[in-house]
$ cat data38.cif   # mmCIF, C-alpha atoms
data_data
#
loop_
_atom_site.label_atom_id
_atom_site.label_comp_id
_atom_site.auth_asym_id
_atom_site.auth_seq_id
_atom_site.Cartn_x
_atom_site.Cartn_y
_atom_site.Cartn_z
CA MET V 1 -12.05 3.82 -20.31
CA LEU V 2 -11.53 0.10 -19.97
CA GLY V 3 -8.92 -0.03 -17.25
CA PRO V 4 -8.22 -3.11 -15.11
CA GLU V 5 -10.59 -1.61 -12.56
CA MET V 6 -13.47 -1.90 -15.04
CA LEU V 7 -12.62 -5.44 -16.09
CA GLY V 8 -13.11 -6.81 -12.59
CA PHE V 9 -9.48 -7.09 -11.47
CA GLY V 10 -9.74 -4.24 -8.99
CA VAL V 11 -7.08 -1.64 -8.30
CA GLU V 12 -3.86 -2.72 -6.64
CA TRP V 13 -4.84 -1.84 -3.11
CA MET V 14 -8.07 -3.80 -3.34
CA ASN V 15 -6.17 -6.97 -4.13
CA SER V 16 -3.24 -6.57 -1.78
CA GLU V 17 -2.83 -7.80 1.73
CA VAL V 18 -2.34 -5.33 4.52
CA SER V 19 1.32 -5.60 5.45
CA THR V 20 3.47 -4.15 8.16
CA GLY V 21 6.47 -4.26 5.78
CA THR V 22 8.49 -2.60 8.37
CA THR V 23 11.57 -1.97 10.47
CA ILE V 24 11.66 -3.43 13.96
CA MET V 25 14.48 -3.79 16.46
CA ALA V 26 15.22 -4.78 20.02
CA THR V 27 18.39 -4.54 22.09
CA GLN V 28 19.37 -5.63 25.58
CA TYR V 29 21.05 -3.36 28.10
CA ASP V 30 22.08 -3.88 31.70
CA GLY V 31 18.75 -3.90 33.55
CA GLY V 32 16.32 -4.27 30.65
CA VAL V 33 15.60 -4.01 26.95
CA VAL V 34 14.76 -1.32 24.43
CA VAL V 35 12.39 -2.06 21.55
CA GLY V 36 11.68 0.16 18.57
CA ALA V 37 9.69 0.24 15.33
CA ASP V 38 8.54 2.52 12.51
CA SER V 39 4.81 3.27 12.11
CA ARG V 40 3.86 2.45 8.51
CA THR V 41 1.20 -0.06 7.40
CA THR V 42 0.71 -0.50 3.67
CA THR V 43 -1.98 -2.03 1.45
CA GLY V 44 -0.01 -2.52 -1.73
CA SER V 45 1.72 0.84 -2.01
CA TYR V 46 -1.04 2.83 -0.27
CA ILE V 47 -0.09 3.84 3.24
CA ALA V 48 -3.14 2.67 5.15
CA ASN V 49 -1.88 3.76 8.56
CA ARG V 50 1.03 6.16 9.10
CA VAL V 51 0.95 6.06 12.89
CA THR V 52 0.71 2.30 13.52
CA ASP V 53 1.76 0.88 16.86
CA LYS V 54 3.83 -2.22 16.11
CA LEU V 55 5.04 -2.60 19.69
CA THR V 56 2.39 -4.83 21.18
CA ARG V 57 1.97 -5.48 24.87
CA ILE V 58 1.88 -9.12 25.95
CA THR V 59 2.41 -8.37 29.63
CA ASP V 60 3.49 -5.23 31.50
CA TYR V 61 7.07 -6.45 31.26
CA ILE V 62 7.07 -8.25 27.89
CA TYR V 63 6.43 -6.67 24.50
CA CYS V 64 6.59 -8.00 20.96
CA CYS V 65 7.49 -6.24 17.70
CA ARG V 66 5.38 -7.35 14.73
CA SER V 67 6.41 -7.53 11.07
CA GLY V 68 4.84 -9.30 8.09
CA SER V 69 1.10 -9.61 7.61
CA ALA V 70 -0.81 -7.25 9.90
CA ALA V 71 -3.70 -9.67 10.30
CA ASP V 72 -1.52 -12.72 10.98
CA THR V 73 0.67 -10.99 13.56
CA GLN V 74 -2.29 -9.45 15.37
CA ALA V 75 -4.00 -12.84 15.53
CA VAL V 76 -0.88 -14.60 16.84
CA ALA V 77 -0.16 -11.87 19.39
CA ASP V 78 -3.76 -12.01 20.64
CA LEU V 79 -3.49 -15.79 21.05
CA VAL V 80 -0.19 -15.53 22.95
CA LYS V 81 -1.57 -12.78 25.19
CA TYR V 82 -4.60 -14.90 25.98
CA GLN V 83 -2.54 -17.95 26.87
CA ILE V 84 -0.08 -15.94 28.94
CA ASP V 85 -2.85 -14.14 30.87
CA PHE V 86 -4.14 -17.56 31.83
CA HIS V 87 -0.65 -18.84 32.67
CA ARG V 88 0.04 -15.82 34.87
CA MET V 89 -3.14 -16.40 36.86
CA GLU V 90 -2.17 -20.01 37.42
CA MET V 91 1.44 -19.26 38.42
CA GLY V 92 0.72 -16.18 40.55
CA LYS V 93 3.76 -14.36 39.27
CA GLU V 94 4.99 -12.64 36.11
CA PRO V 95 5.80 -15.01 33.24
CA LEU V 96 9.34 -15.47 31.92
CA VAL V 97 10.26 -13.80 28.63
CA LYS V 98 11.50 -17.21 27.49
CA THR V 99 8.01 -18.66 28.01
CA VAL V 100 6.31 -16.00 25.90
CA ALA V 101 8.95 -16.42 23.19
CA ASN V 102 8.39 -20.17 23.11
CA ILE V 103 4.63 -19.79 22.72
CA PHE V 104 5.22 -17.42 19.80
CA LYS V 105 7.66 -19.91 18.32
CA GLN V 106 5.23 -22.80 18.59
CA LEU V 107 2.46 -20.90 16.79
CA CYS V 108 4.76 -19.45 14.13
CA TYR V 109 6.34 -22.84 13.44
CA ASP V 110 3.16 -24.94 13.44
CA TYR V 111 1.35 -22.51 11.12
CA ARG V 112 4.42 -21.45 9.11
CA ASP V 113 2.84 -22.45 5.78
CA GLN V 114 -0.30 -20.42 6.41
CA ILE V 115 0.94 -17.19 7.94
CA THR V 116 3.61 -14.55 7.35
CA ALA V 117 4.87 -13.38 10.72
CA GLY V 118 8.30 -12.12 11.74
CA ILE V 119 8.27 -11.41 15.47
CA ILE V 120 10.73 -10.04 18.02
CA VAL V 121 9.93 -10.80 21.66
CA ALA V 122 11.65 -8.64 24.26
CA GLY V 123 11.13 -7.95 27.93
CA TRP V 124 12.32 -8.23 31.49
CA ASP V 125 11.81 -10.93 34.11
CA SER V 126 13.21 -11.40 37.63
CA LYS V 127 15.10 -14.58 36.76
CA ASP V 128 17.19 -13.58 33.71
CA GLY V 129 16.74 -9.79 33.50
CA GLY V 130 16.46 -8.20 30.08
CA GLN V 131 16.19 -10.62 27.13
CA VAL V 132 15.65 -10.37 23.37
CA TYR V 133 14.33 -13.31 21.34
CA SER V 134 14.01 -13.42 17.57
CA VAL V 135 11.22 -15.50 15.97
CA PRO V 136 11.64 -15.00 12.21
CA ILE V 137 9.27 -16.13 9.43
CA SER V 138 10.13 -19.82 9.48
CA GLY V 139 9.37 -20.21 13.18
CA MET V 140 12.79 -20.70 14.75
CA LEU V 141 13.68 -19.23 18.12
CA GLN V 142 16.98 -17.61 19.01
CA ARG V 143 18.00 -15.48 21.98
CA MET V 144 20.30 -12.64 20.92
CA PRO V 145 21.90 -9.54 22.53
CA PHE V 146 20.09 -7.46 19.91
CA THR V 147 18.14 -8.21 16.76
CA ILE V 148 16.59 -6.46 13.76
CA GLY V 149 13.64 -7.47 11.63
CA GLY V 150 11.24 -6.48 8.87
CA SER V 151 11.85 -5.41 5.28
CA GLY V 152 13.79 -2.32 6.38
CA SER V 153 16.27 -4.35 8.41
CA SER V 154 18.20 -5.32 5.26
CA TYR V 155 19.60 -1.79 5.21
CA LEU V 156 20.78 -2.00 8.81
CA TYR V 157 23.05 -5.01 9.08
CA GLY V 158 26.21 -3.02 8.45
CA TYR V 159 25.17 -0.18 10.74
CA VAL V 160 24.20 -2.34 13.71
CA ASP V 161 27.24 -4.60 13.39
CA ALA V 162 29.47 -1.53 13.43
CA ASN V 163 27.69 0.32 16.24
CA PHE V 164 26.45 -2.23 18.74
CA LYS V 165 28.36 -2.39 22.04
CA PRO V 166 27.66 -5.09 24.64
CA ALA V 167 27.32 -2.96 27.80
CA MET V 168 25.28 0.07 26.72
CA THR V 169 23.16 2.19 29.03
CA LYS V 170 19.43 2.69 28.56
CA GLU V 171 19.97 6.11 26.94
CA GLN V 172 22.62 4.76 24.58
CA SER V 173 20.32 1.87 23.61
CA LEU V 174 17.43 4.25 22.90
CA GLN V 175 19.68 6.34 20.67
CA PHE V 176 21.05 3.24 18.92
CA VAL V 177 17.55 1.95 18.13
CA ALA V 178 16.27 5.39 17.06
CA ASN V 179 19.23 5.93 14.71
CA SER V 180 18.81 2.50 13.16
CA VAL V 181 15.06 2.79 12.55
CA SER V 182 15.57 6.26 11.07
CA LEU V 183 18.20 5.00 8.62
CA ALA V 184 15.96 2.17 7.48
CA MET V 185 12.96 4.50 7.06
CA ASN V 186 15.08 6.61 4.75
CA ARG V 187 15.72 3.74 2.33
CA ASP V 188 12.83 1.29 2.68
CA GLY V 189 9.54 2.28 1.02
CA SER V 190 7.60 0.00 3.36
CA SER V 191 8.92 1.76 6.49
CA GLY V 192 8.28 5.30 7.59
CA GLY V 193 6.20 7.66 9.68
CA ILE V 194 7.22 8.12 13.31
CA ILE V 195 9.56 6.10 15.52
CA ARG V 196 7.99 4.33 18.49
CA LEU V 197 10.33 3.26 21.29
CA ALA V 198 9.80 1.46 24.55
CA SER V 199 12.23 0.63 27.32
CA ILE V 200 11.34 -2.23 29.66
CA SER V 201 12.96 -2.88 33.02
CA LYS V 202 12.02 -3.98 36.54
CA ASP V 203 10.13 -0.68 36.80
CA GLY V 204 7.84 -1.54 33.90
CA VAL V 205 7.50 0.10 30.49
CA GLU V 206 8.40 3.63 29.40
CA ARG V 207 7.06 4.51 25.93
CA HIS V 208 8.46 7.24 23.70
CA VAL V 209 7.44 8.62 20.33
CA LEU V 210 9.80 10.48 17.98
CA THR V 211 7.94 12.65 15.49
CA GLY V 212 9.07 15.08 12.80
CA ASP V 213 12.23 16.87 13.83
CA LYS V 214 12.95 14.46 16.65
CA VAL V 215 13.61 11.63 14.15
CA PRO V 216 17.43 11.37 13.87
CA LYS V 217 18.73 13.00 10.68
CA PHE V 218 21.58 11.76 8.59
CA TYR V 219 23.23 13.22 5.51
CA GLU V 220 20.44 13.89 3.02
CA ASP V 221 21.89 16.19 0.37
CA TYR V 222 23.66 13.80 -1.93
CA MET Y 223 3.35 -5.45 -8.94
CA SER Y 224 2.21 -3.33 -11.90
CA ILE Y 225 5.04 -2.19 -14.20
CA LEU Y 226 3.88 1.38 -13.84
CA ALA Y 227 4.44 1.06 -10.08
CA TYR Y 228 7.92 -0.53 -10.30
CA ASN Y 229 9.80 2.72 -9.86
CA GLY Y 230 7.04 4.88 -8.35
CA ALA Y 231 6.34 8.55 -9.13
CA ALA Y 232 4.00 11.45 -8.41
CA ILE Y 233 3.53 14.34 -10.85
CA MET Y 234 0.88 17.04 -11.15
CA ALA Y 235 0.25 20.27 -13.04
CA MET Y 236 -2.13 23.13 -12.27
CA LYS Y 237 -3.44 26.20 -14.06
CA GLY Y 238 -3.29 29.60 -12.39
CA LYS Y 239 -3.86 33.23 -13.35
CA ASN Y 240 -1.57 33.76 -16.37
CA CYS Y 241 0.69 31.03 -15.08
CA VAL Y 242 1.00 27.25 -14.78
CA ALA Y 243 2.77 25.07 -12.25
CA ILE Y 244 4.19 21.58 -12.62
CA ALA Y 245 5.57 19.56 -9.74
CA ALA Y 246 7.03 16.10 -9.18
CA ASP Y 247 8.63 13.96 -6.52
CA ARG Y 248 12.35 13.18 -6.83
CA ARG Y 249 12.58 9.53 -5.87
CA PHE Y 250 14.23 6.87 -7.95
CA GLY Y 251 13.63 3.47 -6.43
CA VAL Y 252 13.32 -0.18 -7.34
CA GLN Y 253 10.15 -1.49 -5.74
CA ALA Y 254 10.53 -0.80 -2.03
CA GLN Y 255 14.18 0.28 -2.11
CA THR Y 256 15.06 3.94 -2.62
CA ILE Y 257 18.23 4.40 -4.63
CA SER Y 258 18.38 8.11 -5.39
CA THR Y 259 16.60 11.24 -4.21
CA GLU Y 260 17.66 13.39 -7.17
CA PHE Y 261 15.88 11.80 -10.11
CA GLU Y 262 14.58 14.28 -12.70
CA LYS Y 263 11.10 13.59 -14.01
CA ILE Y 264 10.20 17.02 -15.38
CA PHE Y 265 11.89 18.10 -18.59
CA GLU Y 266 12.04 21.47 -20.32
CA MET Y 267 10.85 21.31 -23.91
CA GLY Y 268 10.71 25.06 -24.52
CA PRO Y 269 11.17 28.25 -22.53
CA GLN Y 270 7.60 28.00 -21.19
CA LEU Y 271 6.79 24.35 -21.93
CA PHE Y 272 7.48 21.40 -19.63
CA VAL Y 273 6.63 17.73 -19.66
CA GLY Y 274 6.48 15.48 -16.60
CA LEU Y 275 7.03 11.76 -17.11
CA PRO Y 276 5.99 9.34 -14.34
CA GLY Y 277 6.27 5.59 -14.77
CA LEU Y 278 9.00 3.13 -15.58
CA ALA Y 279 12.29 5.02 -15.17
CA THR Y 280 13.98 3.63 -18.27
CA ASP Y 281 11.02 4.73 -20.39
CA VAL Y 282 10.97 8.15 -18.65
CA GLN Y 283 14.45 8.77 -19.98
CA THR Y 284 13.94 7.17 -23.40
CA VAL Y 285 10.65 8.97 -24.09
CA PHE Y 286 12.24 12.27 -23.11
CA GLN Y 287 15.17 11.66 -25.45
CA ARG Y 288 12.98 10.63 -28.41
CA LEU Y 289 10.54 13.47 -27.80
CA LYS Y 290 13.36 16.01 -27.69
CA PHE Y 291 14.63 14.65 -31.00
CA ARG Y 292 11.24 15.09 -32.68
CA LEU Y 293 10.81 18.51 -31.13
CA ASN Y 294 14.20 19.70 -32.37
CA ILE Y 295 13.33 18.66 -35.93
CA TYR Y 296 9.94 20.38 -35.66
CA GLU Y 297 11.56 23.62 -34.51
CA LEU Y 298 14.17 23.49 -37.26
CA ARG Y 299 11.54 22.92 -39.94
CA GLU Y 300 8.94 25.39 -38.62
CA ASN Y 301 11.50 27.92 -37.40
CA ARG Y 302 9.39 28.71 -34.33
CA ARG Y 303 8.55 27.41 -30.87
CA ILE Y 304 5.89 24.69 -30.68
CA LYS Y 305 2.50 25.43 -29.14
CA PRO Y 306 1.58 23.36 -26.06
CA LYS Y 307 -1.48 21.90 -27.77
CA THR Y 308 0.56 20.78 -30.76
CA PHE Y 309 3.22 19.34 -28.45
CA MET Y 310 0.51 17.31 -26.74
CA SER Y 311 -0.41 15.80 -30.12
CA MET Y 312 3.28 15.04 -30.75
CA VAL Y 313 3.54 13.14 -27.46
CA SER Y 314 0.28 11.32 -28.15
CA ASN Y 315 1.54 10.26 -31.57
CA LEU Y 316 4.85 9.01 -30.16
CA LEU Y 317 3.04 6.87 -27.60
CA TYR Y 318 0.37 5.49 -29.94
CA GLU Y 319 3.06 4.37 -32.40
CA ARG Y 320 3.84 1.81 -29.71
CA ARG Y 321 0.20 0.82 -29.19
CA PHE Y 322 0.88 -2.91 -28.79
CA GLY Y 323 4.16 -2.66 -26.90
CA PRO Y 324 3.83 0.66 -25.10
CA TYR Y 325 6.21 2.89 -23.21
CA PHE Y 326 5.22 2.67 -19.54
CA VAL Y 327 4.87 6.39 -18.94
CA GLU Y 328 1.74 8.50 -18.46
CA PRO Y 329 2.87 12.06 -19.26
CA VAL Y 330 1.74 15.39 -17.85
CA ILE Y 331 2.19 18.56 -19.94
CA ALA Y 332 2.21 22.14 -18.67
CA GLY Y 333 3.01 25.34 -20.53
CA LEU Y 334 2.08 28.78 -21.78
CA ASP Y 335 1.26 29.45 -25.42
CA PRO Y 336 4.38 31.09 -26.95
CA VAL Y 337 2.31 33.83 -28.61
CA THR Y 338 -0.74 34.44 -26.39
CA SER Y 339 0.78 33.21 -23.06
CA GLU Y 340 -2.44 31.38 -22.34
CA PRO Y 341 -1.99 28.64 -19.69
CA TYR Y 342 -2.27 24.99 -20.81
CA VAL Y 343 -2.24 21.66 -18.96
CA ALA Y 344 -2.86 18.15 -20.28
CA SER Y 345 -2.18 14.53 -19.40
CA MET Y 346 -2.42 11.24 -21.20
CA ASP Y 347 -2.39 7.51 -20.66
CA LEU Y 348 0.44 5.22 -21.69
CA ILE Y 349 -0.94 4.73 -25.22
CA GLY Y 350 -1.45 8.42 -25.89
CA CYS Y 351 -5.08 9.17 -25.09
CA PRO Y 352 -4.98 12.90 -24.28
CA MET Y 353 -6.99 14.78 -21.69
CA GLU Y 354 -7.01 18.58 -21.55
CA THR Y 355 -8.49 20.21 -18.47
CA ASN Y 356 -9.13 23.70 -17.19
CA ASP Y 357 -7.91 23.08 -13.67
CA PHE Y 358 -5.31 20.41 -12.94
CA VAL Y 359 -3.91 17.08 -14.07
CA VAL Y 360 -2.22 14.32 -12.07
CA SER Y 361 -0.32 11.14 -12.88
CA GLY Y 362 1.61 8.53 -10.94
CA THR Y 363 1.35 5.79 -8.34
CA CYS Y 364 -0.61 7.97 -5.92
CA SER Y 365 -2.98 9.47 -8.48
CA GLU Y 366 -6.04 8.78 -6.30
CA GLN Y 367 -4.46 10.64 -3.40
CA MET Y 368 -3.45 13.48 -5.74
CA TYR Y 369 -6.98 13.78 -7.14
CA GLY Y 370 -8.32 14.11 -3.62
CA MET Y 371 -5.82 16.82 -2.68
CA CYS Y 372 -6.23 18.81 -5.92
CA GLU Y 373 -10.02 18.63 -5.84
CA SER Y 374 -10.02 20.09 -2.33
CA LEU Y 375 -7.23 22.66 -2.59
CA TRP Y 376 -7.43 24.03 -6.14
CA GLU Y 377 -9.40 27.12 -7.00
CA PRO Y 378 -9.38 29.16 -10.22
CA ASN Y 379 -7.21 32.23 -10.87
CA LEU Y 380 -4.52 31.63 -8.29
CA GLU Y 381 -1.59 34.06 -8.44
CA PRO Y 382 1.88 32.48 -8.95
CA ASP Y 383 2.82 32.60 -5.25
CA ASP Y 384 -0.51 31.14 -4.18
CA LEU Y 385 -0.36 28.53 -6.92
CA PHE Y 386 3.06 27.51 -5.60
CA GLU Y 387 1.67 26.94 -2.12
CA THR Y 388 -1.36 25.07 -3.42
CA ILE Y 389 0.50 22.69 -5.72
CA SER Y 390 3.19 22.05 -3.09
CA GLN Y 391 0.68 21.09 -0.41
CA ALA Y 392 -1.37 19.01 -2.83
CA LEU Y 393 1.64 17.02 -4.03
CA MET Y 394 3.33 16.53 -0.66
CA ASN Y 395 0.30 15.39 1.24
CA ALA Y 396 -0.59 13.01 -1.58
CA PHE Y 397 2.79 11.30 -1.85
CA ASP Y 398 3.13 11.12 1.92
CA ARG Y 399 0.42 8.48 1.69
CA ASP Y 400 2.28 6.47 -0.97
CA ALA Y 401 5.07 4.05 -0.08
CA VAL Y 402 6.83 4.34 -3.48
CA SER Y 403 6.88 8.08 -4.16
CA GLY Y 404 8.23 11.12 -2.35
CA TRP Y 405 11.73 11.55 -0.95
CA GLY Y 406 11.89 15.17 -2.08
CA ALA Y 407 9.95 17.33 -4.52
CA VAL Y 408 10.57 19.92 -7.22
CA VAL Y 409 8.09 22.64 -8.28
CA TYR Y 410 8.27 24.79 -11.43
CA ILE Y 411 6.19 27.97 -11.61
CA ILE Y 412 5.94 29.10 -15.22
CA GLU Y 413 5.02 32.71 -15.92
CA LYS Y 414 5.16 34.79 -19.11
CA ASP Y 415 8.65 36.13 -18.51
CA LYS Y 416 10.24 33.76 -16.02
CA VAL Y 417 10.31 30.22 -14.72
CA THR Y 418 11.00 29.61 -11.03
CA LYS Y 419 12.29 26.23 -9.91
CA ARG Y 420 12.05 25.41 -6.22
CA PHE Y 421 12.92 22.30 -4.23
CA LEU Y 422 10.63 21.37 -1.34
CA LYS Y 423 11.85 20.08 2.01
CA THR Y 424 9.82 16.90 2.49
CA ARG Y 425 9.73 13.80 4.66
CA GLN Y 426 12.49 11.39 3.65
CA ASP Y 427 10.56 8.21 4.26
#
$ encode --input "data38.cif" --output "structure tokens"
Amino acid sequence: MLGPEMLGFGVEWMNSEVSTGTTIMATQYDGGVVVGADSRTTTGSYIANRVTDKLTRITDYIYCCRSGSAADTQAVADLVKYQIDFHRMEMGKEPLVKTVANIFKQLCYDYRDQITAGIIVAGWDSKDGGQVYSVPISGMLQRMPFTIGGSGSSYLYGYVDANFKPAMTKEQSLQFVANSVSLAMNRDGSSGGIIRLASISKDGVERHVLTGDKVPKFYEDY
Amino acid sequence: MSILAYNGAAIMAMKGKNCVAIAADRRFGVQAQTISTEFEKIFEMGPQLFVGLPGLATDVQTVFQRLKFRLNIYELRENRRIKPKTFMSMVSNLLYERRFGPYFVEPVIAGLDPVTSEPYVASMDLIGCPMETNDFVVSGTCSEQMYGMCESLWEPNLEPDDLFETISQALMNAFDRDAVSGWGAVVYIIEKDKVTKRFLKTRQD
């Protein structure tokens, strides 16, 4: 049969970029930050990886959440990590979250026409404690008490505006992020799989994974 | 994005021992957004004859309505139930009439002959090219995944309960690797004297 495959166009997944169309989130609490993400990577509509780790380590105390093109965000994160490793050796102490965020911003802004990268930078440093910085597609930089990103975040604006409270504990923040990511996974085709969480404080990183039944459930029988 | 992938769907049918099964996901979405998890894609055309319609949702509903119309007239004229093989030709004809402006559906047919109760499955492309098989048929946005699952899990002469397990696992594990299908599933097991409809509990992502 003469389908598009035969005529040299290729099937959809052969011609589509690998995307972490996704749901990512970070929130600040007293003493640190919590970051969270889904685990789906798609090539077109094929789920290429259902257990992706979108929470990428820059330093032991600073992580970034990646959304957009998988290749672009991995390349940018690798570059930032490299520069920060060097910076840390020169300074002799842990880098500031603000510094990492600014390096991300500079790369995302300078190459904004060539890459698709929506990044959230979050971490802890001894000067300003827990901080969350949003570096969306265009390459701006904004510090925020909490932020959401990725294609699934569209479904969360109402929920997070209604449920965020300024002085949450670590446990409340973890629940808040888990609930939000779960809700987005339910509606967004490009988000799904498991929920990866990480809390970062002066004691370092604590990673959690929510699989299967542990993913928060909301009303499903319409 | 291809028009056949705009709404997303996953449908398959399998032959068993004196029975057939047809199963589909339940998602209705618009590209990446899921709007409903109760969308019907399998339609009853006779007591032991079902058609599954994956593809563009508006055409799913229109093709069903027009097909039902033609089927009703057939049954009034002939004064009997249609055979699955004849029904397949009816669907093929309806689709080919629109050869140069087609309906964006690629149907799957499953049923038992009304007289002999022999199992029958068939599928076709959007312009009505039919394909009858002796094992299974698949159609939808994750057809490659479904082919892989069916090819590994299907075996001949499965009893109704075993066929249910096989088709459920084949469908679920296929659409769990597709971003635009899933969000629930429905399985029909069609035997000579009864049809059992079951909903599967699936991942909602």
$ residues_near_point --input "data38.cif" --point "(8.5, -15.8, 25.9)" --cutoff "12 Å" --atoms "all atoms listed in the file" --output "PyMOL selection string"
chain V and resi 58-59+61-64+77+80-81+83-84+87+94-106+119-125+128+130-135+141-143
$ atom_distance --input "data38.cif" --atom1 "atom CA of V:Gly44" --atom2 "atom CA of V:Thr22"
13.2 Å
$ axis_aligned_box --input "data38.cif" --around "stretch 332-350 of chain Y" --padding-each-side "8 Å" --output "JSON"
{"center_x": 0.8, "center_y": 19.6, "center_z": -23.6, "size_x": 23.2, "size_y": 45.7, "size_z": 25.9}
$ atom_distance --input "data38.cif" --atom1 "atom CA of V:Ile200" --atom2 "atom CA of V:Phe86"
21.9 Å
$ closest_atom_pairs --input "data38.cif" --of "chain V" --to "chain Y" --cutoff "6 Å" --atoms "only C-alpha atoms" --output "tab-separated table"
residue	atom	partner	partner_atom	distance
V:Ser45	CA	Y:Ala401	CA	5.0
V:Tyr46	CA	Y:Asp400	CA	5.0
V:Ile47	CA	Y:Arg399	CA	4.9
V:Met185	CA	Y:Asp427	CA	5.2
V:Asn186	CA	Y:Asp427	CA	4.8
V:Arg187	CA	Y:Thr256	CA	5.0
V:Asp188	CA	Y:Gln255	CA	5.1
V:Gly189	CA	Y:Ala254	CA	4.4
V:Ser190	CA	Y:Ala401	CA	5.9
V:Gly192	CA	Y:Asp427	CA	5.0
$ closest_residue --input "data38.cif" --among "V:Asp60, V:Asp38, V:Asp30, V:Glu17" --to "V:Gly149" --atoms "all atoms listed in the file"
V:Asp38
$ resolve_selection --input "data38.cif" --expression "the PyMOL selection byres ((chain V and resi 194-197) around 10)" --output "PyMOL selection string"
(chain V and resi 23-26+34-40+50-55+174-175+177-179+181-182+185+191-193+198-199+206-212+214-216) or (chain Y and resi 427)
$ atom_distance --input "data38.cif" --atom1 "atom CA of Y:Tyr342" --atom2 "atom CA of Y:Asp281"
24.2 Å
$ residues_around --input "data38.cif" --residues "Y:Pro352" --least-positions-apart "3" --cutoff "12 Å" --atoms "all atoms listed in the file" --output "count of residues only"
24
$ residues_around --input "data38.cif" --residues "Y:Pro341" --least-positions-apart "6" --cutoff "6 Å" --atoms "all atoms listed in the file" --output "list in words"
Cys241, Val242 and Leu334 of chain Y
$ residues_around --input "data38.cif" --residues "Y:Phe386" --least-positions-apart "2" --cutoff "12 Å" --atoms "only C-alpha atoms" --output "ChimeraX atom specification"
/Y:235-239,241-245,375-376,380-384,388-393,408-413,417-422
$ write_last_selection --input "data38.cif" --atoms "C-alpha atoms" --output "compact mmCIF listing (two decimals), keeping the file's coordinate frame"
# COMPACT_ATOMS: atom_id res chain seq x y z
CA ALA Y 235 0.25 20.27 -13.04
CA MET Y 236 -2.13 23.13 -12.27
CA LYS Y 237 -3.44 26.20 -14.06
CA GLY Y 238 -3.29 29.60 -12.39
CA LYS Y 239 -3.86 33.23 -13.35
CA CYS Y 241 0.69 31.03 -15.08
CA VAL Y 242 1.00 27.25 -14.78
CA ALA Y 243 2.77 25.07 -12.25
CA ILE Y 244 4.19 21.58 -12.62
CA ALA Y 245 5.57 19.56 -9.74
CA LEU Y 375 -7.23 22.66 -2.59
CA TRP Y 376 -7.43 24.03 -6.14
CA LEU Y 380 -4.52 31.63 -8.29
CA GLU Y 381 -1.59 34.06 -8.44
CA PRO Y 382 1.88 32.48 -8.95
CA ASP Y 383 2.82 32.60 -5.25
CA ASP Y 384 -0.51 31.14 -4.18
CA THR Y 388 -1.36 25.07 -3.42
CA ILE Y 389 0.50 22.69 -5.72
CA SER Y 390 3.19 22.05 -3.09
CA GLN Y 391 0.68 21.09 -0.41
CA ALA Y 392 -1.37 19.01 -2.83
CA LEU Y 393 1.64 17.02 -4.03
CA VAL Y 408 10.57 19.92 -7.22
CA VAL Y 409 8.09 22.64 -8.28
CA TYR Y 410 8.27 24.79 -11.43
CA ILE Y 411 6.19 27.97 -11.61
CA ILE Y 412 5.94 29.10 -15.22
CA GLU Y 413 5.02 32.71 -15.92
CA VAL Y 417 10.31 30.22 -14.72
CA THR Y 418 11.00 29.61 -11.03
CA LYS Y 419 12.29 26.23 -9.91
CA ARG Y 420 12.05 25.41 -6.22
CA PHE Y 421 12.92 22.30 -4.23
CA LEU Y 422 10.63 21.37 -1.34
$ decode --input "data38.cif" --residues "stretch 143-151 of chain V" --atoms "N, CA and C atoms" --output "short mmCIF file (atom, residue, chain, number, x, y, z; two decimals), in the first residue's frame"
data_model
loop_
_atom_site.label_atom_id
_atom_site.label_comp_id
_atom_site.auth_asym_id
_atom_site.auth_seq_id
_atom_site.Cartn_x
_atom_site.Cartn_y
_atom_site.Cartn_z
N ARG V 143 12.56 35.61 39.95
CA ARG V 143 12.47 34.82 41.17
C ARG V 143 11.02 34.83 41.65
N MET V 144 10.53 33.66 42.09
CA MET V 144 9.12 33.58 42.51
C MET V 144 9.00 32.66 43.72
N PRO V 145 7.96 32.82 44.55
CA PRO V 145 7.78 31.90 45.69
C PRO V 145 7.51 30.47 45.21
N PHE V 146 6.81 30.33 44.10
CA PHE V 146 6.63 29.02 43.49
C PHE V 146 6.40 29.27 42.01
N THR V 147 6.62 28.27 41.19
CA THR V 147 6.36 28.43 39.76
C THR V 147 6.03 27.10 39.11
N ILE V 148 5.29 27.16 38.02
CA ILE V 148 4.92 25.95 37.27
C ILE V 148 5.36 26.13 35.83
N GLY V 149 5.60 25.00 35.14
CA GLY V 149 6.07 25.11 33.77
C GLY V 149 5.74 23.86 32.96
N GLY V 150 5.94 23.95 31.64
CA GLY V 150 5.66 22.83 30.76
C GLY V 150 4.24 22.89 30.23
N SER V 151 3.96 22.00 29.25
CA SER V 151 2.63 22.03 28.61
C SER V 151 1.52 21.71 29.61
#
